[in-house]
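Containing PDB, C-alpha atoms and all ligand atoms: data.pdb.
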```pdb
MODEL        1
ATOM      1  CA  MET A1202      57.641 174.500 148.229
ATOM      2  CA  THR A1203      57.026 174.421 144.467
ATOM      3  CA  ALA A1204      55.981 171.112 142.978
ATOM      4  CA  PRO A1205      58.565 169.306 140.844
ATOM      5  CA  ARG A1206      58.012 169.474 137.093
ATOM      6  CA  VAL A1207      57.530 166.374 134.983
ATOM      7  CA  PHE A1208      57.339 166.223 131.191
ATOM      8  CA  VAL A1209      55.472 163.271 129.666
ATOM      9  CA  GLY A1210      56.201 162.624 125.967
ATOM     10  CA  ARG A1211      52.617 161.750 124.961
ATOM     11  CA  HIS A1212      49.251 160.920 126.511
ATOM     12  CA  ILE A1213      49.698 157.660 128.408
ATOM     13  CA  PRO A1214      46.928 155.812 130.280
ATOM     14  CA  GLU A1215      45.342 157.907 132.997
ATOM     15  CA  ASP A1216      46.336 155.695 135.956
ATOM     16  CA  GLY A1217      49.976 156.635 135.417
ATOM     17  CA  LEU A1218      49.218 160.319 134.885
ATOM     18  CA  ALA A1219      47.166 160.428 138.092
ATOM     19  CA  MET A1220      50.142 159.085 140.066
ATOM     20  CA  LEU A1221      52.317 161.823 138.621
ATOM     21  CA  ARG A1222      49.783 164.601 139.182
ATOM     22  CA  ALA A1223      49.593 163.637 142.848
ATOM     23  CA  VAL A1224      53.223 164.652 143.361
ATOM     24  CA  ALA A1225      54.201 167.011 140.565
ATOM     25  CA  HIS A1226      53.245 169.612 138.018
ATOM     26  CA  VAL A1227      52.801 167.523 134.875
ATOM     27  CA  ASP A1228      53.073 168.681 131.251
ATOM     28  CA  VAL A1229      51.867 166.097 128.773
ATOM     29  CA  TRP A1230      52.801 166.546 125.120
ATOM     30  CA  PRO A1231      49.354 167.081 123.586
ATOM     31  CA  GLY A1232      49.998 165.835 120.048
ATOM     32  CA  GLU A1233      49.208 162.428 118.594
ATOM     33  CA  LEU A1234      52.615 162.644 116.928
ATOM     34  CA  PRO A1235      55.774 162.970 119.015
ATOM     35  CA  PRO A1236      57.324 166.398 119.528
ATOM     36  CA  THR A1237      59.952 167.375 116.988
ATOM     37  CA  ARG A1238      63.480 167.420 118.357
ATOM     38  CA  ALA A1239      63.355 171.189 118.871
ATOM     39  CA  GLU A1240      59.970 170.935 120.592
ATOM     40  CA  LEU A1241      61.215 168.139 122.826
ATOM     41  CA  LEU A1242      64.333 170.047 123.849
ATOM     42  CA  ARG A1243      62.200 173.075 124.718
ATOM     43  CA  ALA A1244      59.637 170.964 126.570
ATOM     44  CA  VAL A1245      62.139 169.282 128.898
ATOM     45  CA  ALA A1246      63.897 172.504 129.906
ATOM     46  CA  GLY A1247      63.724 172.945 133.669
ATOM     47  CA  CYS A1248      62.052 169.564 134.315
ATOM     48  CA  ASN A1249      62.908 167.399 137.309
ATOM     49  CA  ALA A1250      61.756 164.223 135.572
ATOM     50  CA  VAL A1251      61.003 163.151 132.025
ATOM     51  CA  LEU A1252      58.770 160.251 131.073
ATOM     52  CA  THR A1253      59.912 159.400 127.568
ATOM     53  CA  LEU A1254      58.601 157.149 124.825
ATOM     54  CA  LEU A1255      60.636 155.060 122.429
ATOM     55  CA  THR A1256      60.188 157.866 119.880
ATOM     56  CA  ASP A1257      62.081 160.337 122.119
ATOM     57  CA  ARG A1258      65.870 160.253 121.878
ATOM     58  CA  VAL A1259      67.516 160.871 125.241
ATOM     59  CA  ASP A1260      71.168 161.856 124.904
ATOM     60  CA  ASP A1261      73.626 164.473 126.133
ATOM     61  CA  GLU A1262      71.884 167.160 124.086
ATOM     62  CA  LEU A1263      68.548 166.446 125.755
ATOM     63  CA  LEU A1264      70.091 166.154 129.212
ATOM     64  CA  ASP A1265      71.803 169.531 128.704
ATOM     65  CA  ALA A1266      68.535 171.030 127.494
ATOM     66  CA  ALA A1267      66.723 169.682 130.562
ATOM     67  CA  GLY A1268      69.287 171.109 132.979
ATOM     68  CA  PRO A1269      71.135 169.952 136.096
ATOM     69  CA  GLN A1270      67.938 169.641 138.183
ATOM     70  CA  LEU A1271      66.841 166.574 136.166
ATOM     71  CA  ARG A1272      66.571 163.671 138.608
ATOM     72  CA  VAL A1273      65.142 160.779 136.604
ATOM     73  CA  VAL A1274      64.454 159.515 133.076
ATOM     74  CA  SER A1275      61.619 157.006 132.931
ATOM     75  CA  ASN A1276      61.122 155.234 129.604
ATOM     76  CA  TYR A1277      57.616 154.005 128.805
ATOM     77  CA  ALA A1278      58.896 150.742 127.258
ATOM     78  CA  VAL A1279      60.920 147.718 128.177
ATOM     79  CA  GLY A1280      63.390 148.547 125.374
ATOM     80  CA  PHE A1281      65.604 151.553 125.981
ATOM     81  CA  ASP A1282      67.691 151.801 122.823
ATOM     82  CA  ASN A1283      66.365 155.376 122.471
ATOM     83  CA  VAL A1284      68.214 156.319 125.672
ATOM     84  CA  ASP A1285      71.948 156.927 125.902
ATOM     85  CA  VAL A1286      72.164 155.165 129.251
ATOM     86  CA  PRO A1287      75.906 155.796 129.791
ATOM     87  CA  ALA A1288      75.269 159.542 129.285
ATOM     88  CA  CYS A1289      72.615 159.439 132.032
ATOM     89  CA  THR A1290      74.833 157.346 134.294
ATOM     90  CA  ARG A1291      77.730 159.800 133.898
ATOM     91  CA  ARG A1292      75.422 162.478 135.296
ATOM     92  CA  GLY A1293      74.118 160.229 138.073
ATOM     93  CA  ILE A1294      70.632 160.150 136.553
ATOM     94  CA  PRO A1295      68.757 156.871 137.016
ATOM     95  CA  VAL A1296      66.878 155.516 133.990
ATOM     96  CA  GLY A1297      63.795 153.340 134.428
ATOM     97  CA  ASN A1298      61.969 151.021 132.034
ATOM     98  CA  THR A1299      58.909 148.763 132.194
ATOM     99  CA  PRO A1300      60.108 145.143 132.161
ATOM    100  CA  GLY A1301      57.919 142.133 132.807
ATOM    101  CA  VAL A1302      54.465 143.645 132.374
ATOM    102  CA  LEU A1303      54.478 143.340 128.596
ATOM    103  CA  THR A1304      56.124 139.936 128.293
ATOM    104  CA  GLU A1305      52.992 137.849 127.744
ATOM    105  CA  THR A1306      51.280 140.497 125.627
ATOM    106  CA  THR A1307      54.273 140.727 123.306
ATOM    107  CA  ALA A1308      54.523 136.951 123.068
ATOM    108  CA  ASP A1309      50.823 136.866 122.138
ATOM    109  CA  LEU A1310      51.464 139.228 119.234
ATOM    110  CA  ALA A1311      54.503 137.270 118.049
ATOM    111  CA  TRP A1312      52.177 134.269 117.870
ATOM    112  CA  ALA A1313      49.433 136.250 116.170
ATOM    113  CA  LEU A1314      51.955 137.261 113.494
ATOM    114  CA  LEU A1315      53.271 133.720 113.169
ATOM    115  CA  MET A1316      49.779 132.275 112.749
ATOM    116  CA  ALA A1317      48.527 135.062 110.510
ATOM    117  CA  SER A1318      51.469 134.884 108.129
ATOM    118  CA  ALA A1319      51.584 131.079 107.992
ATOM    119  CA  ARG A1320      47.846 130.746 107.418
ATOM    120  CA  ARG A1321      47.599 133.856 105.251
ATOM    121  CA  VAL A1322      44.852 135.390 107.370
ATOM    122  CA  VAL A1323      45.264 138.972 106.172
ATOM    123  CA  GLU A1324      45.564 137.911 102.536
ATOM    124  CA  GLY A1325      42.426 135.837 103.012
ATOM    125  CA  ALA A1326      40.490 138.763 104.436
ATOM    126  CA  ASP A1327      41.698 140.999 101.583
ATOM    127  CA  TYR A1328      40.618 138.305  99.111
ATOM    128  CA  VAL A1329      37.104 138.270 100.518
ATOM    129  CA  ARG A1330      36.909 142.078 100.626
ATOM    130  CA  ALA A1331      38.016 142.243  97.011
ATOM    131  CA  GLY A1332      35.110 139.994  95.997
ATOM    132  CA  LEU A1333      37.440 137.186  94.821
ATOM    133  CA  TRP A1334      35.802 134.434  96.908
ATOM    134  CA  ARG A1335      33.697 132.610  94.338
ATOM    135  CA  THR A1336      34.024 128.998  95.472
ATOM    136  CA  TRP A1337      35.889 126.683  97.854
ATOM    137  CA  GLY A1338      39.305 126.372  96.221
ATOM    138  CA  PRO A1339      41.476 123.280  96.692
ATOM    139  CA  LEU A1340      44.561 125.370  95.980
ATOM    140  CA  THR A1341      43.421 128.691  97.387
ATOM    141  CA  LEU A1342      45.705 130.487  99.878
ATOM    142  CA  LEU A1343      47.703 127.444 100.914
ATOM    143  CA  GLY A1344      50.299 127.881 103.635
ATOM    144  CA  PRO A1345      52.527 125.751 105.847
ATOM    145  CA  ASP A1346      51.372 123.865 108.937
ATOM    146  CA  VAL A1347      52.147 125.528 112.236
ATOM    147  CA  HIS A1348      51.577 122.438 114.388
ATOM    148  CA  GLY A1349      54.539 120.121 114.367
ATOM    149  CA  ALA A1350      56.820 122.701 112.755
ATOM    150  CA  THR A1351      60.182 123.895 114.086
ATOM    151  CA  LEU A1352      60.248 127.261 115.824
ATOM    152  CA  GLY A1353      63.594 129.038 116.202
ATOM    153  CA  ILE A1354      63.721 131.688 118.911
ATOM    154  CA  VAL A1355      66.563 134.186 118.754
ATOM    155  CA  GLY A1356      67.046 135.749 122.191
ATOM    156  CA  PHE A1357      65.791 133.689 125.116
ATOM    157  CA  GLY A1358      64.924 136.283 127.735
ATOM    158  CA  ARG A1359      61.477 136.713 129.240
ATOM    159  CA  ILE A1360      59.653 137.274 125.947
ATOM    160  CA  GLY A1361      61.521 134.580 124.013
ATOM    161  CA  GLN A1362      60.672 132.077 126.745
ATOM    162  CA  SER A1363      56.995 133.081 126.722
ATOM    163  CA  VAL A1364      56.899 132.512 122.977
ATOM    164  CA  ALA A1365      58.437 129.064 123.542
ATOM    165  CA  ARG A1366      55.830 128.216 126.182
ATOM    166  CA  ARG A1367      53.025 128.756 123.663
ATOM    167  CA  ALA A1368      54.693 126.426 121.154
ATOM    168  CA  ALA A1369      54.027 123.399 123.363
ATOM    169  CA  GLY A1370      50.334 123.529 122.505
ATOM    170  CA  PHE A1371      51.218 123.217 118.832
ATOM    171  CA  GLY A1372      53.536 120.258 119.274
ATOM    172  CA  MET A1373      56.435 122.211 117.848
ATOM    173  CA  THR A1374      60.137 121.552 118.058
ATOM    174  CA  VAL A1375      61.629 124.592 119.782
ATOM    175  CA  LEU A1376      65.209 125.677 119.140
ATOM    176  CA  TYR A1377      66.763 128.748 120.657
ATOM    177  CA  SER A1378      69.970 130.692 120.417
ATOM    178  CA  SER A1379      70.998 133.279 122.920
ATOM    179  CA  ARG A1380      74.043 135.025 124.375
ATOM    180  CA  SER A1381      73.798 132.832 127.434
ATOM    181  CA  ARG A1382      72.274 129.410 127.753
ATOM    182  CA  ALA A1383      69.159 128.972 129.891
ATOM    183  CA  SER A1384      69.270 126.621 132.876
ATOM    184  CA  ALA A1385      68.586 122.933 132.362
ATOM    185  CA  GLU A1386      65.304 123.395 134.316
ATOM    186  CA  VAL A1387      64.088 126.150 131.975
ATOM    187  CA  GLU A1388      65.108 124.161 128.898
ATOM    188  CA  ALA A1389      63.300 121.095 130.204
ATOM    189  CA  ALA A1390      60.176 123.023 131.221
ATOM    190  CA  LEU A1391      59.924 124.669 127.795
ATOM    191  CA  GLY A1392      61.181 121.725 125.776
ATOM    192  CA  ALA A1393      63.669 124.105 124.168
ATOM    193  CA  VAL A1394      66.992 123.078 122.667
ATOM    194  CA  PHE A1395      69.976 125.445 122.637
ATOM    195  CA  VAL A1396      71.681 125.514 119.229
ATOM    196  CA  PRO A1397      74.180 127.806 117.508
ATOM    197  CA  PHE A1398      72.544 130.726 115.669
ATOM    198  CA  GLU A1399      73.513 129.370 112.219
ATOM    199  CA  GLU A1400      71.961 125.984 112.988
ATOM    200  CA  LEU A1401      68.783 127.632 114.222
ATOM    201  CA  LEU A1402      68.481 129.569 110.972
ATOM    202  CA  ALA A1403      69.053 126.465 108.864
ATOM    203  CA  ARG A1404      66.557 124.252 110.735
ATOM    204  CA  SER A1405      63.650 126.528 111.625
ATOM    205  CA  ASP A1406      60.350 126.848 109.791
ATOM    206  CA  PHE A1407      59.664 130.013 111.807
ATOM    207  CA  VAL A1408      62.360 132.309 113.172
ATOM    208  CA  SER A1409      61.142 134.719 115.861
ATOM    209  CA  LEU A1410      63.389 137.549 117.062
ATOM    210  CA  HIS A1411      63.505 138.536 120.756
ATOM    211  CA  VAL A1412      66.833 140.301 121.236
ATOM    212  CA  SER A1413      67.254 143.883 122.365
ATOM    213  CA  LEU A1414      68.869 146.304 119.936
ATOM    214  CA  SER A1415      72.590 146.851 120.476
ATOM    215  CA  ALA A1416      75.696 147.260 118.344
ATOM    216  CA  GLU A1417      75.936 143.469 118.472
ATOM    217  CA  THR A1418      72.390 142.773 117.261
ATOM    218  CA  ARG A1419      72.023 145.555 114.649
ATOM    219  CA  HIS A1420      71.535 143.758 111.308
ATOM    220  CA  LEU A1421      71.859 140.376 112.998
ATOM    221  CA  ILE A1422      69.508 139.237 110.248
ATOM    222  CA  ASP A1423      71.427 140.378 107.186
ATOM    223  CA  ALA A1424      71.694 138.905 103.685
ATOM    224  CA  ALA A1425      74.011 136.138 104.925
ATOM    225  CA  ALA A1426      71.646 135.160 107.751
ATOM    226  CA  LEU A1427      68.641 135.193 105.428
ATOM    227  CA  ALA A1428      70.528 132.991 102.974
ATOM    228  CA  ARG A1429      71.005 130.401 105.725
ATOM    229  CA  MET A1430      67.245 130.196 106.337
ATOM    230  CA  ARG A1431      65.010 127.692 104.605
ATOM    231  CA  PRO A1432      63.246 128.905 101.443
ATOM    232  CA  SER A1433      59.983 127.948 103.177
ATOM    233  CA  ALA A1434      60.814 129.858 106.380
ATOM    234  CA  ILE A1435      58.922 132.806 107.848
ATOM    235  CA  LEU A1436      60.691 135.523 109.859
ATOM    236  CA  ILE A1437      58.848 137.203 112.741
ATOM    237  CA  ASN A1438      60.173 140.399 114.312
ATOM    238  CA  THR A1439      58.628 141.860 117.454
ATOM    239  CA  ALA A1440      62.022 143.020 118.804
ATOM    240  CA  ARG A1441      63.422 146.113 117.113
ATOM    241  CA  GLY A1442      63.434 147.037 113.410
ATOM    242  CA  PRO A1443      67.197 147.513 112.967
ATOM    243  CA  VAL A1444      67.866 143.929 114.112
ATOM    244  CA  VAL A1445      66.938 143.127 110.493
ATOM    245  CA  ASP A1446      68.668 144.648 107.458
ATOM    246  CA  THR A1447      65.580 145.944 105.670
ATOM    247  CA  ASP A1448      67.077 146.050 102.163
ATOM    248  CA  ALA A1449      68.341 142.499 102.521
ATOM    249  CA  LEU A1450      64.889 141.407 103.712
ATOM    250  CA  VAL A1451      63.165 143.038 100.741
ATOM    251  CA  ASP A1452      65.561 141.203  98.379
ATOM    252  CA  ALA A1453      65.068 137.904 100.208
ATOM    253  CA  LEU A1454      61.273 138.175 100.076
ATOM    254  CA  ARG A1455      61.289 139.193  96.423
ATOM    255  CA  SER A1456      63.639 136.466  95.287
ATOM    256  CA  GLY A1457      62.212 133.633  97.389
ATOM    257  CA  VAL A1458      65.259 133.256  99.645
ATOM    258  CA  ILE A1459      62.666 133.000 102.435
ATOM    259  CA  ALA A1460      58.913 132.533 102.120
ATOM    260  CA  GLY A1461      57.599 135.346 104.274
ATOM    261  CA  ALA A1462      57.988 137.849 107.058
ATOM    262  CA  ALA A1463      55.706 139.299 109.690
ATOM    263  CA  LEU A1464      56.932 142.472 111.320
ATOM    264  CA  ASP A1465      55.714 144.479 114.278
ATOM    265  CA  VAL A1466      58.839 146.617 114.139
ATOM    266  CA  THR A1467      60.629 147.997 111.100
ATOM    267  CA  ASP A1468      63.557 150.126 110.055
ATOM    268  CA  PRO A1469      62.642 152.860 109.370
ATOM    269  CA  GLU A1470      59.767 153.287 111.746
ATOM    270  CA  PRO A1471      57.126 154.284 110.887
ATOM    271  CA  LEU A1472      57.353 152.515 107.548
ATOM    272  CA  PRO A1473      55.944 154.713 104.774
ATOM    273  CA  ALA A1474      52.953 153.174 102.982
ATOM    274  CA  SER A1475      55.004 153.401  99.764
ATOM    275  CA  HIS A1476      57.765 151.158 101.177
ATOM    276  CA  PRO A1477      58.371 147.919  99.209
ATOM    277  CA  LEU A1478      57.776 145.800 102.343
ATOM    278  CA  VAL A1479      54.206 147.080 102.525
ATOM    279  CA  ALA A1480      53.419 146.053  98.953
ATOM    280  CA  LEU A1481      54.964 142.583  99.136
ATOM    281  CA  PRO A1482      52.193 139.960  99.465
ATOM    282  CA  ASN A1483      54.471 137.716 101.543
ATOM    283  CA  CYS A1484      55.158 140.411 104.124
ATOM    284  CA  LEU A1485      52.780 141.406 106.899
ATOM    285  CA  VAL A1486      53.538 144.665 108.692
ATOM    286  CA  VAL A1487      51.727 145.998 111.755
ATOM    287  CA  PRO A1488      52.550 149.316 113.473
ATOM    288  CA  HIS A1489      54.625 148.367 116.559
ATOM    289  CA  ILE A1490      51.643 147.169 118.584
ATOM    290  CA  ALA A1491      53.123 144.209 120.458
ATOM    291  CA  SER A1492      52.362 145.717 123.886
ATOM    292  CA  ALA A1493      49.120 147.352 122.751
ATOM    293  CA  THR A1494      46.482 145.892 125.018
ATOM    294  CA  ARG A1495      44.542 148.144 127.370
ATOM    295  CA  ALA A1496      45.676 146.251 130.465
ATOM    296  CA  THR A1497      49.348 146.150 129.524
ATOM    297  CA  ARG A1498      49.588 149.777 128.472
ATOM    298  CA  ALA A1499      47.904 150.759 131.766
ATOM    299  CA  ARG A1500      50.408 148.663 133.744
ATOM    300  CA  MET A1501      53.273 150.189 131.765
ATOM    301  CA  ALA A1502      51.920 153.638 132.683
ATOM    302  CA  THR A1503      51.809 152.942 136.419
ATOM    303  CA  MET A1504      55.229 151.321 136.304
ATOM    304  CA  ALA A1505      56.777 154.245 134.421
ATOM    305  CA  ALA A1506      55.066 156.663 136.830
ATOM    306  CA  ALA A1507      56.372 154.707 139.829
ATOM    307  CA  ASN A1508      59.900 155.153 138.471
ATOM    308  CA  VAL A1509      59.327 158.912 138.165
ATOM    309  CA  VAL A1510      57.879 159.202 141.675
ATOM    310  CA  ALA A1511      60.779 157.259 143.198
ATOM    311  CA  GLY A1512      63.324 159.294 141.212
ATOM    312  CA  LEU A1513      61.798 162.584 142.349
ATOM    313  CA  ARG A1514      61.994 161.431 145.967
ATOM    314  CA  GLY A1515      65.603 160.365 145.553
ATOM    315  CA  ASP A1516      64.615 156.735 146.165
ATOM    316  CA  ARG A1517      65.919 153.824 144.144
ATOM    317  CA  LEU A1518      63.770 153.292 141.030
ATOM    318  CA  PRO A1519      61.679 150.103 141.177
ATOM    319  CA  THR A1520      63.061 149.075 137.775
ATOM    320  CA  PRO A1521      66.311 150.864 136.976
ATOM    321  CA  VAL A1522      68.306 149.952 133.865
ATOM    322  CA  ASN A1523      71.468 151.569 135.246
ATOM    323  CA  PRO A1524      71.566 150.417 138.890
ATOM    324  CA  GLU A1525      75.242 151.395 138.858
ATOM    325  CA  VAL A1526      74.123 155.006 139.546
ATOM    326  CA  TYR A1527      73.438 153.838 143.091
ATOM    327  CA  GLY A1528      77.063 152.909 143.560
TER     328      GLY A1528
HETATM  329  C1  LIG B1601      58.874 148.122 124.336
HETATM  330  O1  LIG B1601      58.345 148.233 125.446
HETATM  331  O2  LIG B1601      60.093 148.113 124.197
HETATM  332  C2  LIG B1601      57.963 147.940 123.168
HETATM  333  O3  LIG B1601      58.624 147.959 121.968
HETATM  334  C3  LIG B1601      56.837 148.955 123.179
HETATM  335  O4  LIG B1601      55.994 148.611 124.198
ENDMDL
END
```

Using structure tokens, write down the structure from this file.
Ligand code: DGY
Amino acid sequence: MTAPRVFVGRHIPEDGLAMLRAVAHVDVWPGELPPTRAELLRAVAGCNAVLTLLTDRVDDELLDAAGPQLRVVSNYAVGFDNVDVPACTRRGIPVGNTPGVLTETTADLAWALLMASARRVVEGADYVRAGLWRTWGPLTLLGPDVHGATLGIVGFGRIGQSVARRAAGFGMTVLYSSRSRASAEVEAALGAVFVPFEELLARSDFVSLHVSLSAETRHLIDAAALARMRPSAILINTARGPVVDTDALVDALRSGVIAGAALDVTDPEPLPASHPLVALPNCLVVPHIASATRATRARMATMAAANVVAGLRGDRLPTPVNPEVYG
């Protein structure tokens, strides 16, 4: 019997690839950059499984290009806004993602961004590199306190709650807004107070975004939302770039509507070095690295591979995003 064919959208950690090679013929896209659309459509043709990255759009066109033998789509991410899940479901194709394993790692980066932007860490390092550090300056690189401040968390799923947990050590007031309210036990354990979105924006010193991208959350942070925030507030985005209206953010940062932003995700992505957000001194941008620790990326690889292996066998995926395919 010929081995099933699996296409993997980029080199992922070896542990995951080894699991795939044990059961299938595996083609890994060799480039550092993702395949172009045409290359991707060619690469998936005839595959029984595809292990996609958030840079690979999975839609009817790709599913047609793959062919009717495709048994599973496994996304190497917890987010799956790059996948047209209903299109997969219509064809009975299960889609997997990698929830849970990157929760703490992503929360760590949200905090790194919060701390770095509040305390102007990157500006400080640039200042030293530029040879500007000539004395201890009473007014040099001042920023707001983090301890005792109010943290507003938008989206209170796993990652939002992990961000809240870290706030306890800083004696912060934690507000959250979310589609559904957390249980009284969770609220009590995290010391988090549920408030309407508008109130959260108006009261928070730091607003950290943890919603998935959907029609409902696209441009959730638009000019009107930014205008509700405090002029001293800092916005942190480790969710998805399009949750924030980029043009409105540029205007808000330029005109002092808010004090700063720290972004792991942007719209567009990647953000060209010539983009105004990159040049703004009150904006810190890093290249979508929230899950980028060796341990987490390795766990994501084995989890994504486990979804492929189960899908090839016709078993239920360990972490399906469309369990409705199983009736
Ligand atoms: C995800 O998993 O959705 C992150 O954005 C990348 O790890």

Contacts to ligand LIG 1601 (chain B) at 6 Å cut-off (all atoms listed in the file) as a PDB file with C-alpha atoms, in the frame of the given file:
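Done, and the output landed in out.pdb:
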```
ATOM      1  CA  ALA A1278      58.896 150.742 127.258  1.00  0.00           C
ATOM      2  CA  VAL A1279      60.920 147.718 128.177  1.00  0.00           C
ATOM      3  CA  GLY A1280      63.390 148.547 125.374  1.00  0.00           C
ATOM      4  CA  SER A1492      52.362 145.717 123.886  1.00  0.00           C
TER       5      SER A1492
END
```

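Minimum atom-to-atom distances from A:Leu1421, A:Val1245, A:Arg1292, A:Val1284 to Tyr1527 (chain A) were compared using only C-alpha atoms, and the lowest value belongs to A:Arg1292.
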
message: My list of candidates is A:Phe1281, A:Trp1337, A:Phe1407, A:Phe1395. Which is closest to Arg1441 (chain A) when distances are computed with only C-alpha atoms?
response: A:Phe1281

query: Once the PyMOL selection byres (((chain A and resi 1256) around 12) and not hetatm) has been applied to the shown file, what residues remain in the selection, as a ChimeraX atom specification?
result: /A:1210-1211,1233-1238,1241,1252-1255,1257-1259,1276-1278,1280-1284,1469-1471,1489

Answer key for the PyMOL selection byres (((chain A and resi 1304-1310) around 7) and not hetatm), residues as a PyMOL selection string: chain A and resi 1301-1303+1311-1314+1359-1360+1363-1364+1491-1492

Would you save the residues from that selection as an mmCIF file, keeping the file's coordinate frame, using C-alpha atoms?
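Wrote out.cif, looks like this:
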```
data_model
loop_
_atom_site.group_PDB
_atom_site.id
_atom_site.type_symbol
_atom_site.label_atom_id
_atom_site.label_comp_id
_atom_site.auth_asym_id
_atom_site.auth_seq_id
_atom_site.Cartn_x
_atom_site.Cartn_y
_atom_site.Cartn_z
ATOM 1 C CA GLY A 1301 57.919 142.133 132.807
ATOM 2 C CA VAL A 1302 54.465 143.645 132.374
ATOM 3 C CA LEU A 1303 54.478 143.340 128.596
ATOM 4 C CA ALA A 1311 54.503 137.270 118.049
ATOM 5 C CA TRP A 1312 52.177 134.269 117.870
ATOM 6 C CA ALA A 1313 49.433 136.250 116.170
ATOM 7 C CA LEU A 1314 51.955 137.261 113.494
ATOM 8 C CA ARG A 1359 61.477 136.713 129.240
ATOM 9 C CA ILE A 1360 59.653 137.274 125.947
ATOM 10 C CA SER A 1363 56.995 133.081 126.722
ATOM 11 C CA VAL A 1364 56.899 132.512 122.977
ATOM 12 C CA ALA A 1491 53.123 144.209 120.458
ATOM 13 C CA SER A 1492 52.362 145.717 123.886
#
```

message: When you count all atoms listed in the file, which of these residues is closest to Leu1218 (chain A): A:Gly1338, A:Ala1505, A:Val1323, A:Ala1463?
response: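 Going through A:Gly1338, A:Ala1505, A:Val1323, A:Ala1463 one by one, the smallest distance to Leu1218 (chain A) is for A:Ala1505.
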
field: Separation of CA of His1212 (chain A) from CA of Thr1290 (chain A), in Å and rounded to one decimal
entry: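 Pair CA of His1212 (chain A) / CA of Thr1290 (chain A) returns 27.0 Å.
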
Option closest in space to Gly1512 (chain A), from A:Pro1473, A:Pro1295, A:Pro1287, A:Gly1247 [counting all atoms listed in the file]: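 Checking each of A:Pro1473, A:Pro1295, A:Pro1287, A:Gly1247 against Gly1512 (chain A), counting all atoms listed in the file, the winner is A:Pro1295.
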
field: Test item: residues at most 12 Å from Val1251 (chain A), all atoms listed in the file, excluding those fewer than 5 positions along its chain, as an MDAnalysis selection string
entry: chainID A and resid 1205:1211 1221 1225:1230 1241:1242 1244:1246 1257:1259 1263:1264 1266:1268 1270:1277 1284 1294:1297 1505:1506 1508:1510 1512:1513

Could you please take those selected residues and save C-alpha atoms as an mmCIF file, keeping the file's coordinate frame?
```cif
data_model
loop_
_atom_site.group_PDB
_atom_site.id
_atom_site.type_symbol
_atom_site.label_atom_id
_atom_site.label_comp_id
_atom_site.auth_asym_id
_atom_site.auth_seq_id
_atom_site.Cartn_x
_atom_site.Cartn_y
_atom_site.Cartn_z
ATOM 1 C CA PRO A 1205 58.565 169.306 140.844
ATOM 2 C CA ARG A 1206 58.012 169.474 137.093
ATOM 3 C CA VAL A 1207 57.530 166.374 134.983
ATOM 4 C CA PHE A 1208 57.339 166.223 131.191
ATOM 5 C CA VAL A 1209 55.472 163.271 129.666
ATOM 6 C CA GLY A 1210 56.201 162.624 125.967
ATOM 7 C CA ARG A 1211 52.617 161.750 124.961
ATOM 8 C CA LEU A 1221 52.317 161.823 138.621
ATOM 9 C CA ALA A 1225 54.201 167.011 140.565
ATOM 10 C CA HIS A 1226 53.245 169.612 138.018
ATOM 11 C CA VAL A 1227 52.801 167.523 134.875
ATOM 12 C CA ASP A 1228 53.073 168.681 131.251
ATOM 13 C CA VAL A 1229 51.867 166.097 128.773
ATOM 14 C CA TRP A 1230 52.801 166.546 125.120
ATOM 15 C CA LEU A 1241 61.215 168.139 122.826
ATOM 16 C CA LEU A 1242 64.333 170.047 123.849
ATOM 17 C CA ALA A 1244 59.637 170.964 126.570
ATOM 18 C CA VAL A 1245 62.139 169.282 128.898
ATOM 19 C CA ALA A 1246 63.897 172.504 129.906
ATOM 20 C CA ASP A 1257 62.081 160.337 122.119
ATOM 21 C CA ARG A 1258 65.870 160.253 121.878
ATOM 22 C CA VAL A 1259 67.516 160.871 125.241
ATOM 23 C CA LEU A 1263 68.548 166.446 125.755
ATOM 24 C CA LEU A 1264 70.091 166.154 129.212
ATOM 25 C CA ALA A 1266 68.535 171.030 127.494
ATOM 26 C CA ALA A 1267 66.723 169.682 130.562
ATOM 27 C CA GLY A 1268 69.287 171.109 132.979
ATOM 28 C CA GLN A 1270 67.938 169.641 138.183
ATOM 29 C CA LEU A 1271 66.841 166.574 136.166
ATOM 30 C CA ARG A 1272 66.571 163.671 138.608
ATOM 31 C CA VAL A 1273 65.142 160.779 136.604
ATOM 32 C CA VAL A 1274 64.454 159.515 133.076
ATOM 33 C CA SER A 1275 61.619 157.006 132.931
ATOM 34 C CA ASN A 1276 61.122 155.234 129.604
ATOM 35 C CA TYR A 1277 57.616 154.005 128.805
ATOM 36 C CA VAL A 1284 68.214 156.319 125.672
ATOM 37 C CA ILE A 1294 70.632 160.150 136.553
ATOM 38 C CA PRO A 1295 68.757 156.871 137.016
ATOM 39 C CA VAL A 1296 66.878 155.516 133.990
ATOM 40 C CA GLY A 1297 63.795 153.340 134.428
ATOM 41 C CA ALA A 1505 56.777 154.245 134.421
ATOM 42 C CA ALA A 1506 55.066 156.663 136.830
ATOM 43 C CA ASN A 1508 59.900 155.153 138.471
ATOM 44 C CA VAL A 1509 59.327 158.912 138.165
ATOM 45 C CA VAL A 1510 57.879 159.202 141.675
ATOM 46 C CA GLY A 1512 63.324 159.294 141.212
ATOM 47 C CA LEU A 1513 61.798 162.584 142.349
#
```

- prompt: Do you have the CA of Ala1428 (chain A)-CA of His1348 (chain A) distance handy?
  reply: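 Separation between CA of Ala1428 (chain A) and CA of His1348 (chain A): 24.5 Å.
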
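Neighbourhood of point (57.1, 148.2, 106.6): residues with an atom at most 10 Å away, counting all atoms listed in the file, are Gly1442, Thr1447, Val1451, Ala1463, Leu1464, Asp1465, Val1466, Thr1467, Asp1468, Pro1469, Glu1470, Pro1471, Leu1472, Pro1473, Ala1474, Ser1475, His1476, Pro1477, Leu1478, Val1479, Ala1480, Leu1481, Cys1484, Leu1485, Val1486, Val1487 and Pro1488 of chain A.
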